[in-house]
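Here is the structure we will look at.
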Amino acid sequence: MSPSSPPVFIPHDLIIEVLSLLPVKSVIRLMCMSKTFHSLVSDPTFVKLHLHRSARTQDVSLISNSEGHDATLNVVSLSHNPSIRFTLPNDPFFQNNYKDCFYIVGSCNGLLCLGHKVNGNRKKMSLRFWNPATRTLSYKLRITGDGRLYNLTFGYDSSSNTYKLVHFINLTTEVRVLNLGDNVWRNIQNSPSSHYLAMQFVHLSDSVIWLAVGDFPSPRPYNYENITIEQFAAISLDLSTETHTRLSLPQGFIEVPFVEPHLSVLKDSLCFSHDFRQTHFVIWQMKEFGVAESWTQLFKLKYYNLQIYNDLQFRWIPLCMSEKSETLLLTNPNTAILYNWKCNRSESIDKPWRFRYHYYTESLVSYR
């Protein structure tokens with residue numbers, strides 16, 4: 001009878017390395033196997049490591065509300081396989097059954113901030129923080145103040161490991177911040193521009209960023225004949241220092257476009273897109289955040305190649321891009337286009353999301 005083989009020893013560091021590369025669902029299954037695994041993957045250090053790896057390896061995803069007050073959330077991914085590029089999973093992981101919170105205030109590190117008005121009173125809001133991948137939901141956070149859900153955004157300050165809500169007071173330059181855990185609103189430095197209802201924000205490098213024109217952010221209605229090129233700027237609110245910075249736009253942006261420009265985040269970089277003489281759609285990339293000299297033209301696409309002929313009166317927005325499938329997703333209020341830059345080919349698709357969208361990354365992050 002042969003002697004039994006000695007047990008295989010796997011170093012602790014190697015176990016962490018392997019687990020950090022697994023999808024969230026696989027990690028959750030392992031948590032149920034033993035207390036050791038549960039303790040390991042619940043550790044805040046591992047959660048941060050897994051989030052960092054997920055953000056780098058996962059394909060781009062969008063998440064949005066369904067039509068009406070339905071609390072179901074749609075998740076859209078750009079995958080390598082064209083046949084499943086825009087399938088919406090009937091997956092309970094992404095079903096929000098908490099009907100009292102259906103509006104997405106923001107998405108950060110896999111956490112969705114959900115909210116609604118209490119008894120229809122815009123001065124009283126109720127918020128919850130939900131991770132669809134782990135199915136964890138925070139307690140209900142009641143917030144009192146003269147604010148609206150549309151004027152809120154949700155972000156993360158990595159320097160203090162703090163999640164923050166930011167409230168932009170409508171038609172003023174006033175800004176308030178609430179640190180989750182303190183649950184007290186604080187006034188901070190005023191914004192360089194006034195705010196309006198339903199501002200469009202992007203999040204990057206612990207900052208909240210939006211487009212402004214003169215003293216007002218993207219005036220409503222947009223009228224290119226009454227605007228000069230010098231009035232355009234990007235405003236950044238650093239969530240760590242809670243101060244504002246005016247960011248210059250690309251030097252190659254030299255003509256006021258027919259329809260309003262747009263800020264977005266593509267390839268983990270701030271991007272600025274605009275119409276050019278109603279013949280081209282241009283996207284610029286700020287390769288080093290906050291450095292004006294790092295603006296580089298990423299795309300200059302002919303509308304003809306995008307098969308855009310009749311929708312030039314609407315603003316086109318680049319939602320996301322995937323280097324795996326070499327595709328760029330563009331949308332306007334009516335339709336969406338998937339553009340393959342390698343083949344210079346585009347196709348129209350049905351919009352599988354409604355209302356405002358948010359970037360989404362599966363994670364193990366939770367907030368109680």
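Following the order of the structure tokens, chains are lettered A, B, ..., residues in each are numbered from 1, and ligands are numbered from 1.
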
Note to self: Neighbouring residues of Glu288 in chain A were defined as those with any atom within 10 Å, considering only C-alpha atoms; residues of the same chain fewer than 5 positions away were excluded. Please report them as a list in words.
What the structure shows: Ser269, Leu270, Glu293, Ser294 and Trp295 of chain A

Check: Could you pull out all residues of range 121-290 of chain A with a DSSP call of strand (DSSP E or B) and give them as an NGL selection string?
Finding: :A and (121-131 or 136-137 or 141-144 or 152-157 or 162-168 or 175-179 or 185-187 or 202-204 or 207-213 or 216 or 232-238 or 243-247 or 262-266 or 269-276 or 280-286)

Resulting file, chosen residues, C-alpha atoms, as a PDB file, in the first residue's frame:
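And here is the file that came out, result-v7.pdb:
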ATOM      1  CA  ASN A 121     -42.458  65.967  -0.278  1.00  0.00           C
ATOM      2  CA  ARG A 122     -39.407  67.263  -2.151  1.00  0.00           C
ATOM      3  CA  LYS A 123     -37.892  68.469   1.140  1.00  0.00           C
ATOM      4  CA  LYS A 124     -37.771  64.932   2.527  1.00  0.00           C
ATOM      5  CA  MET A 125     -35.850  62.200   0.748  1.00  0.00           C
ATOM      6  CA  SER A 126     -35.264  58.559   1.499  1.00  0.00           C
ATOM      7  CA  LEU A 127     -32.117  56.843   0.235  1.00  0.00           C
ATOM      8  CA  ARG A 128     -30.806  53.299   0.214  1.00  0.00           C
ATOM      9  CA  PHE A 129     -27.531  51.833  -1.011  1.00  0.00           C
ATOM     10  CA  TRP A 130     -27.824  48.600  -2.916  1.00  0.00           C
ATOM     11  CA  ASN A 131     -25.276  46.229  -4.402  1.00  0.00           C
ATOM     12  CA  THR A 136     -26.986  43.633   0.025  1.00  0.00           C
ATOM     13  CA  LEU A 137     -29.184  46.620   0.866  1.00  0.00           C
ATOM     14  CA  LEU A 141     -31.473  56.903   5.180  1.00  0.00           C
ATOM     15  CA  ARG A 142     -33.845  59.834   5.631  1.00  0.00           C
ATOM     16  CA  ILE A 143     -32.563  63.216   4.456  1.00  0.00           C
ATOM     17  CA  THR A 144     -34.343  66.490   5.154  1.00  0.00           C
ATOM     18  CA  LEU A 152     -28.004  64.935  -6.155  1.00  0.00           C
ATOM     19  CA  THR A 153     -25.010  62.885  -7.154  1.00  0.00           C
ATOM     20  CA  PHE A 154     -23.102  60.130  -5.384  1.00  0.00           C
ATOM     21  CA  GLY A 155     -19.320  59.670  -5.279  1.00  0.00           C
ATOM     22  CA  TYR A 156     -16.321  58.309  -3.396  1.00  0.00           C
ATOM     23  CA  ASP A 157     -13.375  60.002  -1.692  1.00  0.00           C
ATOM     24  CA  THR A 162     -15.740  57.948   2.448  1.00  0.00           C
ATOM     25  CA  TYR A 163     -18.825  57.860   0.242  1.00  0.00           C
ATOM     26  CA  LYS A 164     -20.396  61.264  -0.243  1.00  0.00           C
ATOM     27  CA  LEU A 165     -23.631  62.748  -1.493  1.00  0.00           C
ATOM     28  CA  VAL A 166     -23.376  66.107  -3.246  1.00  0.00           C
ATOM     29  CA  HIS A 167     -26.360  68.439  -3.532  1.00  0.00           C
ATOM     30  CA  PHE A 168     -26.242  71.249  -6.108  1.00  0.00           C
ATOM     31  CA  VAL A 175     -23.161  73.238  -2.981  1.00  0.00           C
ATOM     32  CA  ARG A 176     -23.710  70.950   0.017  1.00  0.00           C
ATOM     33  CA  VAL A 177     -21.984  67.668   0.886  1.00  0.00           C
ATOM     34  CA  LEU A 178     -23.074  64.829   3.155  1.00  0.00           C
ATOM     35  CA  ASN A 179     -20.585  62.183   4.318  1.00  0.00           C
ATOM     36  CA  TRP A 185     -25.275  68.339   5.283  1.00  0.00           C
ATOM     37  CA  ARG A 186     -22.347  70.793   5.134  1.00  0.00           C
ATOM     38  CA  ASN A 187     -22.002  73.861   2.918  1.00  0.00           C
ATOM     39  CA  VAL A 202     -19.486  62.359 -14.716  1.00  0.00           C
ATOM     40  CA  HIS A 203     -17.232  60.874 -12.053  1.00  0.00           C
ATOM     41  CA  LEU A 204     -13.472  60.418 -12.352  1.00  0.00           C
ATOM     42  CA  SER A 207     -14.129  64.190  -8.693  1.00  0.00           C
ATOM     43  CA  VAL A 208     -17.563  65.203  -9.955  1.00  0.00           C
ATOM     44  CA  ILE A 209     -17.356  66.977 -13.333  1.00  0.00           C
ATOM     45  CA  TRP A 210     -19.902  68.802 -15.486  1.00  0.00           C
ATOM     46  CA  LEU A 211     -19.975  71.089 -18.518  1.00  0.00           C
ATOM     47  CA  ALA A 212     -20.608  74.817 -18.083  1.00  0.00           C
ATOM     48  CA  VAL A 213     -21.139  77.649 -20.531  1.00  0.00           C
ATOM     49  CA  PHE A 216     -24.539  78.760 -16.450  1.00  0.00           C
ATOM     50  CA  PHE A 232     -17.251  76.714 -22.603  1.00  0.00           C
ATOM     51  CA  ALA A 233     -15.489  75.034 -19.669  1.00  0.00           C
ATOM     52  CA  ALA A 234     -15.566  71.881 -17.587  1.00  0.00           C
ATOM     53  CA  ILE A 235     -16.058  72.321 -13.833  1.00  0.00           C
ATOM     54  CA  SER A 236     -14.556  69.746 -11.460  1.00  0.00           C
ATOM     55  CA  LEU A 237     -15.440  69.273  -7.788  1.00  0.00           C
ATOM     56  CA  ASP A 238     -12.704  67.372  -5.930  1.00  0.00           C
ATOM     57  CA  THR A 243     -12.974  72.573  -3.908  1.00  0.00           C
ATOM     58  CA  HIS A 244     -13.803  73.455  -7.521  1.00  0.00           C
ATOM     59  CA  THR A 245     -11.496  73.755 -10.522  1.00  0.00           C
ATOM     60  CA  ARG A 246     -12.245  75.101 -13.984  1.00  0.00           C
ATOM     61  CA  LEU A 247     -10.795  72.746 -16.606  1.00  0.00           C
ATOM     62  CA  HIS A 262     -21.019  66.573 -23.886  1.00  0.00           C
ATOM     63  CA  LEU A 263     -18.644  65.258 -21.217  1.00  0.00           C
ATOM     64  CA  SER A 264     -18.284  61.525 -20.621  1.00  0.00           C
ATOM     65  CA  VAL A 265     -15.815  58.963 -19.315  1.00  0.00           C
ATOM     66  CA  LEU A 266     -14.315  56.528 -21.820  1.00  0.00           C
ATOM     67  CA  SER A 269     -10.420  59.123 -19.069  1.00  0.00           C
ATOM     68  CA  LEU A 270     -12.412  62.333 -19.270  1.00  0.00           C
ATOM     69  CA  CYS A 271     -13.747  62.788 -22.799  1.00  0.00           C
ATOM     70  CA  PHE A 272     -15.317  65.760 -24.548  1.00  0.00           C
ATOM     71  CA  SER A 273     -17.465  65.239 -27.642  1.00  0.00           C
ATOM     72  CA  HIS A 274     -19.067  67.682 -30.054  1.00  0.00           C
ATOM     73  CA  ASP A 275     -20.506  68.193 -33.494  1.00  0.00           C
ATOM     74  CA  PHE A 276     -18.227  69.735 -36.136  1.00  0.00           C
ATOM     75  CA  HIS A 280     -18.336  65.052 -38.283  1.00  0.00           C
ATOM     76  CA  PHE A 281     -18.652  63.848 -34.706  1.00  0.00           C
ATOM     77  CA  VAL A 282     -15.473  64.517 -32.697  1.00  0.00           C
ATOM     78  CA  ILE A 283     -14.338  62.925 -29.421  1.00  0.00           C
ATOM     79  CA  TRP A 284     -11.374  64.232 -27.418  1.00  0.00           C
ATOM     80  CA  GLN A 285      -9.649  62.352 -24.598  1.00  0.00           C
ATOM     81  CA  MET A 286      -7.876  63.982 -21.629  1.00  0.00           C
TER      82      MET A 286
END

Margin query: Going by DSSP on the backbone, which residues of range 113-228 of chain A come out as helix (DSSP H, G or I)? List them as a list in words.
Written below: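 DSSP on the backbone gives helix (DSSP H, G or I) at Leu149, Tyr150, Asn151, Tyr224, Glu225 and Asn226 of chain A.
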
Notebook entry, point to check: A:His116, A:His358, A:Lys342, A:His50: which is nearest Val27 in chain A, counting only C-alpha atoms?
Noted result: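 For Val27 in chain A, the nearest of the candidates is A:His50.
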